[in-house]
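Chemist: One file: entry26.txt (compact mmCIF, C-alpha atoms).
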# COMPACT_ATOMS: atom_id res chain seq x y z
CA MET T 1 41.05 -38.92 -7.52
CA GLU T 2 43.18 -37.39 -10.25
CA SER T 3 46.38 -38.02 -8.30
CA ASP T 4 45.43 -41.70 -7.88
CA GLU T 5 44.81 -42.03 -11.62
CA ALA T 6 48.13 -40.34 -12.39
CA ALA T 7 49.94 -42.74 -10.11
CA GLY T 8 48.24 -45.67 -11.83
CA ALA T 9 49.16 -44.36 -15.25
CA GLN T 10 52.80 -43.88 -14.26
CA SER T 11 53.08 -47.45 -13.02
CA HIS T 12 52.65 -48.70 -16.58
CA THR T 13 55.09 -47.54 -19.23
CA ASP T 14 54.14 -45.70 -22.38
CA PRO T 15 53.47 -47.98 -25.38
CA VAL T 16 56.17 -48.74 -27.92
CA PHE T 17 53.48 -49.17 -30.60
CA THR T 18 50.09 -47.70 -31.27
CA VAL T 19 47.84 -50.61 -32.25
CA ASN T 20 44.57 -50.73 -34.18
CA ILE T 21 42.54 -53.58 -35.61
CA THR T 22 40.65 -51.91 -38.44
CA HIS T 23 38.47 -54.77 -39.65
CA ALA T 24 38.07 -58.52 -40.03
CA ILE T 25 38.27 -60.45 -43.30
CA LYS T 26 35.86 -63.37 -43.57
CA ASP T 27 36.70 -66.21 -45.94
CA GLY T 28 34.16 -68.99 -45.64
CA ASP T 29 34.12 -70.03 -41.99
CA SER T 30 37.54 -68.52 -41.24
CA LEU T 31 38.12 -65.02 -39.92
CA THR T 32 41.33 -63.00 -40.19
CA TYR T 33 41.98 -59.71 -38.39
CA LEU T 34 43.92 -56.83 -39.95
CA VAL T 35 46.34 -55.46 -37.33
CA LYS T 36 47.90 -52.05 -37.97
CA SER T 37 50.64 -50.79 -35.67
CA THR T 38 52.95 -47.78 -35.65
CA GLN T 39 56.24 -47.64 -33.76
CA VAL T 40 56.07 -44.55 -31.57
CA SER T 41 59.79 -43.70 -31.73
CA ASP T 42 60.33 -43.57 -35.50
CA LYS T 43 56.72 -43.68 -36.84
CA VAL T 44 57.37 -46.89 -38.82
CA GLU T 45 54.06 -48.49 -39.77
CA TYR T 46 53.29 -52.21 -39.96
CA GLU T 47 50.27 -54.08 -41.28
CA VAL T 48 49.80 -57.79 -40.63
CA GLN T 49 46.94 -60.28 -40.70
CA HIS T 50 46.24 -62.80 -37.93
CA PRO T 51 43.58 -65.44 -37.37
CA PHE T 52 42.15 -65.81 -33.89
CA GLU T 53 44.44 -68.78 -33.17
CA ASP T 54 47.46 -66.46 -33.39
CA PHE T 55 46.05 -64.35 -30.55
CA GLN T 56 45.59 -67.52 -28.50
CA TRP T 57 49.20 -68.51 -29.16
CA LEU T 58 50.42 -65.04 -28.12
CA GLN T 59 48.47 -65.33 -24.88
CA HIS T 60 49.91 -68.81 -24.24
CA THR T 61 53.44 -67.48 -24.83
CA LEU T 62 52.92 -64.65 -22.35
CA LEU T 63 51.52 -67.01 -19.72
CA THR T 64 54.38 -69.52 -19.99
CA GLN T 65 57.38 -67.17 -19.87
CA GLU T 66 60.25 -68.30 -17.68
CA GLY T 67 62.85 -66.49 -15.62
CA ILE T 68 60.63 -63.51 -14.68
CA PRO T 69 60.29 -63.04 -10.89
CA GLY T 70 56.69 -62.64 -9.75
CA LEU T 71 55.14 -63.40 -13.17
CA ALA T 72 52.40 -65.45 -11.51
CA GLY T 73 51.27 -62.21 -9.79
CA VAL T 74 50.44 -60.54 -13.11
CA ILE T 75 46.78 -60.02 -14.06
CA PHE T 76 47.09 -61.04 -17.69
CA PRO T 77 44.88 -59.07 -20.11
CA PRO T 78 42.13 -61.49 -21.20
CA ILE T 79 41.26 -62.31 -24.80
CA PRO T 80 37.61 -62.78 -25.83
CA VAL T 81 36.16 -66.15 -26.72
CA LYS T 82 36.46 -67.22 -30.34
CA PRO T 83 33.47 -65.93 -32.35
CA GLY T 84 31.25 -68.31 -34.31
CA THR T 85 31.49 -67.63 -38.04
CA THR T 86 29.21 -70.25 -39.64
CA VAL T 87 25.71 -69.66 -41.00
CA ALA T 88 24.36 -72.13 -38.44
CA ASN T 89 25.84 -70.00 -35.63
CA ALA T 90 24.28 -66.86 -37.14
CA GLU T 91 20.86 -68.54 -37.35
CA ALA T 92 21.07 -69.82 -33.78
CA LYS T 93 22.14 -66.39 -32.55
CA ALA T 94 19.27 -64.66 -34.39
CA LYS T 95 16.69 -67.05 -32.94
CA LYS T 96 18.12 -66.65 -29.45
CA TYR T 97 18.25 -62.87 -29.41
CA LEU T 98 15.64 -61.76 -31.98
CA GLY T 99 13.02 -64.43 -31.24
CA ILE T 100 12.38 -68.03 -32.16
CA ARG T 101 10.26 -66.99 -35.16
CA SER T 102 12.84 -64.63 -36.56
CA GLN T 103 13.62 -65.24 -40.23
CA SER T 104 16.47 -62.71 -40.22
CA LEU T 105 20.16 -63.25 -39.61
CA MET T 106 21.82 -60.85 -37.19
CA GLY T 107 24.34 -58.59 -38.87
CA ASP T 108 28.00 -59.49 -38.49
CA ASP T 109 29.31 -57.82 -35.33
CA TRP T 110 32.99 -58.38 -36.10
CA HIS T 111 33.65 -54.78 -35.06
CA LYS T 112 32.92 -55.87 -31.46
CA TYR T 113 35.54 -58.63 -31.68
CA CYS T 114 37.95 -56.26 -33.43
CA TYR T 115 37.55 -53.84 -30.53
CA ALA T 116 38.04 -56.59 -27.92
CA LEU T 117 41.20 -57.92 -29.60
CA GLU T 118 42.50 -54.39 -30.19
CA LYS T 119 41.98 -53.62 -26.51
CA TYR T 120 43.84 -56.81 -25.60
CA LEU T 121 46.88 -55.88 -27.72
CA GLN T 122 46.89 -52.33 -26.34
CA GLN T 123 46.87 -53.58 -22.76
CA VAL T 124 49.70 -56.02 -23.43
CA ASN T 125 51.59 -53.25 -25.24
CA VAL T 126 51.60 -50.94 -22.20
CA HIS T 127 52.32 -53.58 -19.57
CA PRO T 128 55.89 -53.09 -18.25
CA ILE T 129 56.61 -56.84 -18.25
CA LEU T 130 54.48 -58.38 -20.99
CA ARG T 131 55.50 -55.80 -23.60
CA LYS T 132 59.12 -57.03 -23.40
CA ASN T 133 58.27 -60.48 -24.72
CA PRO T 134 59.80 -60.84 -28.22
CA THR T 135 56.72 -62.74 -29.42
CA LEU T 136 54.71 -59.52 -29.17
CA LEU T 137 57.18 -57.68 -31.44
CA ASN T 138 57.01 -60.50 -34.00
CA PHE T 139 53.23 -60.56 -33.75
CA LEU T 140 52.93 -56.85 -34.57
CA THR T 141 55.65 -56.51 -37.21
CA LYS T 142 56.15 -59.78 -39.09
CA LYS T 143 53.67 -60.78 -41.77
CA GLU T 144 54.48 -64.45 -41.36
CA PRO T 145 55.57 -64.90 -37.73
CA PRO T 146 56.83 -68.36 -36.74
CA MET T 147 53.77 -69.22 -34.67
CA LYS T 148 52.52 -72.64 -33.69
CA GLY T 149 49.05 -73.85 -32.94
CA LYS T 150 47.66 -73.27 -29.49
CA PRO T 151 48.54 -76.26 -27.26
CA ARG T 152 45.50 -78.31 -26.41
CA LYS T 153 44.88 -79.68 -22.96
CA GLY T 154 43.39 -83.13 -22.64
CA ILE T 155 40.36 -83.95 -20.53
CA PHE T 156 42.55 -85.28 -17.71
CA ASN T 157 44.52 -82.01 -17.53
CA LYS T 158 41.28 -80.04 -17.26
CA LEU T 159 39.89 -82.44 -14.66
CA THR T 160 43.07 -82.13 -12.60
CA GLN T 161 42.86 -78.33 -12.77
CA VAL T 162 39.21 -78.33 -11.65
CA VAL T 163 39.96 -80.64 -8.73
CA GLU T 164 42.92 -78.48 -7.70
CA GLU T 165 40.76 -75.33 -7.75
CA ILE T 166 38.10 -76.99 -5.60
CA LEU T 167 40.69 -78.09 -3.05
CA LYS T 168 42.68 -74.84 -2.89
CA GLU T 169 40.50 -71.85 -3.79
CA HIS T 170 38.95 -71.58 -0.30
CA HIS T 171 42.28 -71.88 1.51
CA LYS T 172 42.52 -69.17 4.21
CA ASP T 173 45.06 -66.47 3.33
CA ILE T 174 47.58 -65.34 5.93
CA ASP T 175 47.52 -61.79 4.50
CA ASP T 176 44.32 -59.84 5.27
CA TYR T 177 44.82 -57.66 2.16
CA PHE T 178 44.69 -60.62 -0.22
CA GLN T 179 41.93 -62.37 1.71
CA ALA T 180 39.79 -59.23 1.39
CA GLU T 181 40.65 -58.98 -2.30
CA ARG T 182 39.61 -62.58 -2.91
CA GLU T 183 36.27 -61.96 -1.20
CA SER T 184 35.79 -58.71 -3.13
CA ASN T 185 36.61 -60.47 -6.40
CA TYR T 186 34.02 -63.15 -5.68
CA VAL T 187 31.29 -60.54 -5.10
CA LEU T 188 32.29 -58.24 -7.97
CA THR T 189 32.52 -61.16 -10.41
CA ALA T 190 28.92 -62.15 -9.71
CA PHE T 191 27.70 -58.53 -9.95
CA THR T 192 29.64 -57.82 -13.15
CA LYS T 193 28.43 -60.96 -14.91
CA SER T 194 24.84 -60.24 -13.86
CA LEU T 195 25.10 -56.62 -15.03
CA THR T 196 26.62 -57.75 -18.34
CA GLU T 197 23.77 -60.18 -18.92
CA LYS T 198 21.17 -57.49 -18.13
CA CYS T 199 22.90 -55.03 -20.46
CA LEU T 200 22.93 -57.59 -23.28
CA GLU T 201 19.26 -58.39 -22.65
CA MET T 202 18.45 -54.67 -23.00
CA ILE T 203 20.47 -54.43 -26.23
CA HIS T 204 18.76 -57.49 -27.71
CA SER T 205 15.36 -56.05 -26.75
CA GLU T 206 16.24 -52.88 -28.66
CA GLN T 207 17.32 -55.00 -31.63
CA ARG T 208 14.00 -56.88 -31.53
CA MET T 209 12.16 -53.56 -31.49
CA ALA T 210 14.15 -52.46 -34.54
CA VAL T 211 13.21 -55.66 -36.38
CA ALA T 212 9.52 -55.21 -35.45
CA CYS T 213 9.54 -51.58 -36.62
CA GLY T 214 11.18 -52.68 -39.86
CA HIS T 215 8.43 -55.24 -40.51
CA PHE T 216 5.71 -52.70 -39.66
CA SER T 217 7.24 -50.05 -41.91
CA THR T 218 7.57 -52.49 -44.81
CA ALA T 219 3.98 -53.70 -44.38
CA LEU T 220 2.66 -50.13 -44.45
CA HIS T 221 4.66 -49.33 -47.56
CA ILE T 222 3.66 -52.50 -49.43
CA GLY T 223 0.02 -52.24 -48.43
CA SER T 224 -0.32 -48.61 -49.44
CA GLY T 225 -0.76 -49.42 -53.17
CA HIS T 226 -1.26 -46.82 -55.88
CA GLU T 227 -4.99 -46.28 -56.23
CA ALA T 228 -6.62 -43.97 -58.78
CA ASP T 229 -9.44 -42.96 -56.43
CA PRO T 230 -8.57 -39.60 -54.72
CA ASN T 231 -9.66 -40.85 -51.29
CA ASP T 232 -7.58 -44.01 -51.62
CA TYR T 233 -4.65 -41.94 -52.88
CA ALA T 234 -4.81 -39.77 -49.77
CA VAL T 235 -4.73 -42.87 -47.55
CA THR T 236 -1.77 -44.17 -49.57
CA LYS T 237 0.19 -40.97 -48.96
CA MET T 238 -0.57 -41.16 -45.25
CA CYS T 239 0.59 -44.80 -45.09
CA ILE T 240 3.81 -43.93 -46.89
CA LYS T 241 4.52 -41.02 -44.52
CA LEU T 242 3.71 -43.17 -41.51
CA SER T 243 6.00 -45.88 -42.93
CA GLU T 244 8.83 -43.34 -43.13
CA ALA T 245 8.26 -42.32 -39.50
CA ILE T 246 8.27 -45.96 -38.35
CA ASP T 247 11.46 -46.52 -40.34
CA THR T 248 13.02 -43.60 -38.44
CA LEU T 249 12.09 -45.34 -35.19
CA LYS T 250 13.68 -48.52 -36.54
CA ARG T 251 16.96 -46.75 -37.26
CA ASN T 252 16.79 -45.08 -33.84
CA PHE T 253 16.50 -48.45 -32.05
CA GLU T 254 19.39 -49.78 -34.15
CA ARG T 255 21.63 -46.84 -33.25
CA VAL T 256 20.66 -46.93 -29.57
CA ALA T 257 21.50 -50.66 -29.43
CA LYS T 258 24.79 -50.05 -31.25
CA ASN T 259 25.68 -47.20 -28.87
CA ASN T 260 24.95 -49.39 -25.85
CA MET T 261 27.05 -52.26 -27.21
CA ASN T 262 30.02 -50.15 -28.37
CA THR T 263 30.34 -48.32 -25.04
CA LEU T 264 28.90 -49.87 -21.89
CA GLY T 265 28.37 -53.34 -23.38
CA CYS T 266 31.98 -53.77 -24.56
CA HIS T 267 33.29 -52.34 -21.29
CA LEU T 268 31.24 -54.72 -19.14
CA GLU T 269 32.26 -57.73 -21.24
CA LEU T 270 35.91 -56.73 -20.99
CA TYR T 271 35.90 -56.31 -17.22
CA SER T 272 33.83 -59.43 -16.72
CA ARG T 273 36.76 -61.28 -18.29
CA PHE T 274 39.20 -59.19 -16.23
CA GLN T 275 37.47 -60.31 -13.03
CA ASP T 276 38.17 -63.90 -14.06
CA ALA T 277 41.79 -62.97 -14.87
CA GLU T 278 42.23 -61.44 -11.40
CA LYS T 279 40.68 -64.56 -9.84
CA GLU T 280 43.19 -66.74 -11.71
CA MET T 281 46.06 -64.57 -10.47
CA LEU T 282 44.84 -64.76 -6.87
CA PHE T 283 44.51 -68.53 -7.22
CA ARG T 284 48.10 -68.83 -8.49
CA ARG T 285 49.28 -66.88 -5.43
CA THR T 286 47.20 -69.11 -3.14
CA CYS T 287 48.85 -72.19 -4.65
CA LYS T 288 52.27 -70.70 -3.94
CA LEU T 289 51.16 -69.90 -0.37
CA ILE T 290 50.22 -73.55 0.11
CA GLU T 291 53.68 -74.52 -1.21
CA VAL T 292 55.26 -72.26 1.43
CA GLU T 293 53.20 -73.84 4.19
CA ASN T 294 54.09 -77.32 2.97
CA ALA T 295 57.78 -76.36 2.83
CA ASN T 296 57.61 -75.14 6.43
CA ARG T 297 56.13 -78.44 7.54
CA CYS T 298 58.80 -80.35 5.64
CA VAL T 299 61.53 -78.41 7.47
CA GLU T 300 59.92 -79.20 10.82
CA LYS T 301 59.66 -82.91 10.02
CA ALA T 302 62.98 -83.30 8.15
CA LYS T 303 65.67 -85.49 9.61
CA HIS T 304 69.05 -84.01 10.41
CA HIS T 305 70.80 -85.08 7.17
CA LYS T 306 67.95 -83.70 5.02
CA LYS T 307 67.27 -80.51 6.95
CA THR T 308 69.69 -78.36 4.93
CA GLN T 309 68.05 -79.41 1.66
CA ALA T 310 64.57 -78.77 3.08
CA GLU T 311 65.60 -75.31 4.30
CA GLU T 312 66.97 -74.45 0.84
CA VAL T 313 63.67 -75.48 -0.80
CA LYS T 314 61.82 -73.41 1.79
CA ARG T 315 64.00 -70.36 1.06
CA ILE T 316 63.41 -70.63 -2.71
CA VAL T 317 59.64 -71.06 -2.32
CA GLU T 318 59.37 -68.16 0.12
CA ARG T 319 61.32 -65.90 -2.28
CA GLU T 320 58.97 -66.84 -5.12
CA TYR T 321 55.96 -66.22 -2.89
CA GLU T 322 57.24 -62.77 -1.88
CA ASP T 323 57.90 -61.84 -5.53
CA ILE T 324 54.40 -62.94 -6.53
CA SER T 325 52.79 -61.05 -3.63
CA GLU T 326 54.74 -57.87 -4.39
CA MET T 327 53.78 -58.04 -8.07
CA ALA T 328 50.17 -58.88 -7.24
CA LYS T 329 49.70 -55.79 -5.03
CA LYS T 330 50.90 -53.51 -7.83
CA GLU T 331 48.71 -55.27 -10.37
CA ILE T 332 45.61 -55.07 -8.17
CA GLN T 333 46.12 -51.35 -7.57
CA ASN T 334 46.53 -50.64 -11.29
CA TYR T 335 43.61 -52.88 -12.16
CA HIS T 336 41.13 -51.10 -9.88
CA GLN T 337 42.28 -47.63 -10.94
CA ASN T 338 41.95 -48.53 -14.62
CA ARG T 339 38.58 -50.20 -14.04
CA VAL T 340 37.06 -47.12 -12.39
CA ARG T 341 38.55 -44.71 -14.93
CA GLU T 342 37.45 -46.72 -17.97
CA TYR T 343 34.00 -47.35 -16.52
CA ARG T 344 33.54 -43.60 -16.13
CA GLU T 345 34.79 -42.99 -19.69
CA ALA T 346 32.36 -45.62 -21.03
CA LEU T 347 29.42 -43.97 -19.26
CA VAL T 348 30.38 -40.50 -20.53
CA CYS T 349 30.77 -41.82 -24.09
CA LEU T 350 27.44 -43.66 -23.84
CA THR T 351 25.67 -40.50 -22.66
CA GLU T 352 27.13 -38.38 -25.45
CA CYS T 353 26.22 -40.94 -28.14
CA GLN T 354 22.67 -41.41 -26.89
CA LEU T 355 22.08 -37.66 -26.62
CA ARG T 356 23.32 -37.17 -30.18
CA THR T 357 21.11 -40.00 -31.43
CA ALA T 358 18.08 -38.69 -29.54
CA ARG T 359 18.49 -35.17 -30.97
CA GLU T 360 18.83 -36.45 -34.55
CA THR T 361 15.82 -38.75 -34.16
CA HIS T 362 13.77 -35.96 -32.60
CA THR T 363 14.54 -33.66 -35.52
CA LEU T 364 13.54 -36.27 -38.12
CA LEU T 365 10.37 -37.35 -36.31
CA THR T 366 9.27 -33.75 -35.76
CA LYS T 367 9.58 -33.08 -39.50
CA GLN T 368 7.83 -36.33 -40.52
CA LEU T 369 4.97 -35.92 -38.03
CA ALA T 370 4.44 -32.36 -39.22
CA GLU T 371 4.20 -33.64 -42.82
CA LEU T 372 1.79 -36.37 -41.70
CA SER T 373 -0.38 -33.84 -39.84
CA GLN T 374 -0.45 -31.66 -42.93
CA LEU T 375 -1.95 -34.55 -44.92
CA PHE T 376 -4.83 -34.79 -42.41
CA THR T 377 -5.60 -31.09 -42.73
CA ASP T 378 -5.53 -31.04 -46.57
So, in terms of structure tokens, how does the structure I just supplied come out?

Modeler:
Amino acid sequence: MESDEAAGAQSHTDPVFTVNITHAIKDGDSLTYLVKSTQVSDKVEYEVQHPFEDFQWLQHTLLTQEGIPGLAGVIFPPIPVKPGTTVANAEAKAKKYLGIRSQSLMGDDWHKYCYALEKYLQQVNVHPILRKNPTLLNFLTKKEPPMKGKPRKGIFNKLTQVVEEILKEHHKDIDDYFQAERESNYVLTAFTKSLTEKCLEMIHSEQRMAVACGHFSTALHIGSGHEADPNDYAVTKMCIKLSEAIDTLKRNFERVAKNNMNTLGCHLELYSRFQDAEKEMLFRRTCKLIEVENANRCVEKAKHHKKTQAEEVKRIVEREYEDISEMAKKEIQNYHQNRVREYREALVCLTECQLRTARETHTLLTKQLAELSQLFTD
């Protein structure tokens, strides 16, 4: 296992930069991310700010490079969807995940988007092909890079793409390796998305429990009062102590939910997007395979004076297909090795965080319950 991981690590070069996205700056409905990078060779540090649209433009630039053999066989690191930043989005999110009667707004989880975008830049930064694109260097080092808005596709472009996928995605592959990978991707994509949804449901349940404990704790504290009667005063002290214990449970649910999201939740969301990225790569290769088959038929049907031209087209298409297939096999191998390794790391990190949280909560609750028991004996 270790030798396989070492081979996967060696297939991708060491990063030129170390990249971190420390936080997001919210200004009204706009959100800007602070990107800090350090050049590994000479330790020169850079700090730039980018809105989400800049990340989309970087991704578009990487996807549309020209003159790179086999580029269509690359599994491009995916970027997350653009987060909603308006109050209306926050209210809708709170009602969806915390309950329809919730009067609270869910706390800003920009750290999750910062992590996702940071992971995206790190993966691009270590990729032996994508890291060479000059747009990446400008993105990390220039405070005002000459970026343009992300090109928008019209409804007819999207409709054409959907129709093409329907017609070509089930085309039988001539290579058993890629046919098996396509079938595996189909199954894993469904499982990963389902597991991601279940994980998020669990996290939102923990957040609802935290909200409920918060309401209960506040009600106990407000209702305790400050009575002069000794008996009422004793009840007040008990209510306050019980309120503190419930508040500890509230903070425990919050930390457990945060641990789940920052480890397993983020990992599952990332590799759910990666499954889609692999599917897109396999589809691009299938399209090129269909071009090869069409070129072969054109050579067979070509008349004598056009046969040389048809054979030249066939040779070019076959060369492109071979480059894509060669690149795709390397990418698939690296992808699966990284997926298994990072999944294991996420589970280990989750276990360590939850154990630490459980021990701290146990210590606090033990102390508070002992104090509460003492009030009953006095």

Chemist: Skip Cys349 (chain T) itself and residues of its chain fewer than 3 positions away, then list as a list in words all residues within 12 Å of it, counting only C-alpha atoms.

Modeler: Asn259, Asn260, Met261, Asn262, Thr263, Leu264, Gly265, His267, Glu342, Tyr343, Arg344, Glu345, Ala346, Glu352, Cys353, Gln354, Leu355 and Arg356 of chain T

Chemist: I'd like to know which of T:Leu270, T:Leu58, T:Phe139, T:Gly70 is closest to Val317 (chain T), using all atoms listed in the file.

Modeler: T:Gly70

Chemist: Find, counting all atoms listed in the file, the residue in T:Thr351, T:Gln333, T:Asn133, T:Asn185 that gets nearest to Gln59 (chain T).

Modeler: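 Looking at the shortest contact to Gln59 (chain T), the residue is T:Asn133.
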
Chemist: Rounded to one decimal place, report the CA of Ile129 (chain T)-CA of Asp176 (chain T) distance in Å.

Modeler: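 It comes out at 26.7 Å.
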
Chemist: Work out how far apart CA of Pro78 (chain T) and CA of Arg273 (chain T) are and give it in Å to one decimal.

Modeler: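 Computing the Euclidean distance for CA of Pro78 (chain T) and CA of Arg273 (chain T) yields 6.1 Å.
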
Chemist: For region 113-141 of chain T versus region 21-34 of chain T, which residues have an atom no more than 8 Å away, and what is each residue's nearest atom pair and distance in Å rounded to one decimal, using all atoms listed in the file, chain-then-number order, as CSV?

Modeler:
residue,atom,partner,partner_atom,distance
T:Cys114,CA,T:Ile21,CA,5.7
T:Tyr115,CA,T:Ile21,CA,7.1
T:Leu117,CA,T:Ile21,CA,7.5
T:Glu118,CA,T:Ile21,CA,5.5

Chemist: Hey, could you pull the box centre and edge lengths for region 58-64 of chain T, axis-aligned, 5 Å padding per side, all listed atoms, to one decimal in Å, as JSON?

Modeler:
{"center_x": 51.4, "center_y": -67.1, "center_z": -23.9, "size_x": 15.9, "size_y": 14.9, "size_z": 18.4}

Chemist: Near Arg315 (chain T), counting all atoms listed in the file, which residues have an atom at most 12 Å away, once you skip same-chain residues fewer than 6 positions from it, shown as a ChimeraX atom specification?

Modeler: /T:291-293,295-296,299,308-309,321-322

Chemist: Which residues come within 6 Å of region 248-251 of chain T, counting only C-alpha atoms, excluding same-chain residues fewer than 6 positions away, as number ranges by chain?

Modeler: T: 210, 213-214

Chemist: Just the number, please: distance in Å from CA of Lys43 (chain T) to CA of Gln123 (chain T), one decimal.

Modeler: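 These atoms are spaced 19.8 Å apart.
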
Chemist: Determine the nearest neighbour of Ile68 (chain T) from the options T:Leu375, T:Leu137, T:Leu130, T:Ala219, counting only C-alpha atoms.

Modeler: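 Checking each of T:Leu375, T:Leu137, T:Leu130, T:Ala219 against Ile68 (chain T), counting only C-alpha atoms, the winner is T:Leu130.
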
Chemist: Since the input is missing atoms for region 261-277 of chain T, could you rebuild it with N, CA and C atoms and give the result as a compact mmCIF listing (two decimals), in the coordinates of the input?

Modeler:
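Below is the file that was written, part_36.txt:
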# COMPACT_ATOMS: atom_id res chain seq x y z
N MET T 261 26.08 -51.17 -27.07
CA MET T 261 27.05 -52.26 -27.21
C MET T 261 28.47 -51.72 -27.32
N ASN T 262 28.67 -50.65 -28.11
CA ASN T 262 30.02 -50.15 -28.37
C ASN T 262 30.63 -49.40 -27.18
N THR T 263 29.82 -49.04 -26.20
CA THR T 263 30.34 -48.32 -25.04
C THR T 263 30.23 -49.18 -23.78
N LEU T 264 29.07 -49.16 -23.16
CA LEU T 264 28.90 -49.87 -21.89
C LEU T 264 28.97 -51.39 -22.07
N GLY T 265 28.38 -51.90 -23.16
CA GLY T 265 28.37 -53.34 -23.38
C GLY T 265 29.77 -53.92 -23.51
N CYS T 266 30.60 -53.30 -24.37
CA CYS T 266 31.98 -53.77 -24.56
C CYS T 266 32.78 -53.64 -23.27
N HIS T 267 32.56 -52.55 -22.54
CA HIS T 267 33.29 -52.34 -21.29
C HIS T 267 32.94 -53.41 -20.27
N LEU T 268 31.65 -53.72 -20.12
CA LEU T 268 31.24 -54.72 -19.14
C LEU T 268 31.75 -56.11 -19.52
N GLU T 269 31.72 -56.44 -20.81
CA GLU T 269 32.26 -57.73 -21.24
C GLU T 269 33.75 -57.83 -20.96
N LEU T 270 34.47 -56.73 -21.23
CA LEU T 270 35.91 -56.73 -20.99
C LEU T 270 36.22 -56.95 -19.51
N TYR T 271 35.55 -56.21 -18.63
CA TYR T 271 35.90 -56.31 -17.22
C TYR T 271 35.25 -57.51 -16.54
N SER T 272 34.28 -58.13 -17.20
CA SER T 272 33.83 -59.43 -16.72
C SER T 272 34.93 -60.46 -16.91
N ARG T 273 35.62 -60.38 -18.06
CA ARG T 273 36.76 -61.28 -18.29
C ARG T 273 37.93 -60.91 -17.39
N PHE T 274 38.11 -59.62 -17.11
CA PHE T 274 39.20 -59.19 -16.23
C PHE T 274 38.98 -59.70 -14.80
N GLN T 275 37.73 -59.76 -14.36
CA GLN T 275 37.47 -60.31 -13.03
C GLN T 275 37.94 -61.76 -12.95
N ASP T 276 37.70 -62.51 -14.03
CA ASP T 276 38.17 -63.90 -14.06
C ASP T 276 39.70 -63.95 -14.08
N ALA T 277 40.32 -63.00 -14.81
CA ALA T 277 41.79 -62.97 -14.87
C ALA T 277 42.38 -62.65 -13.50
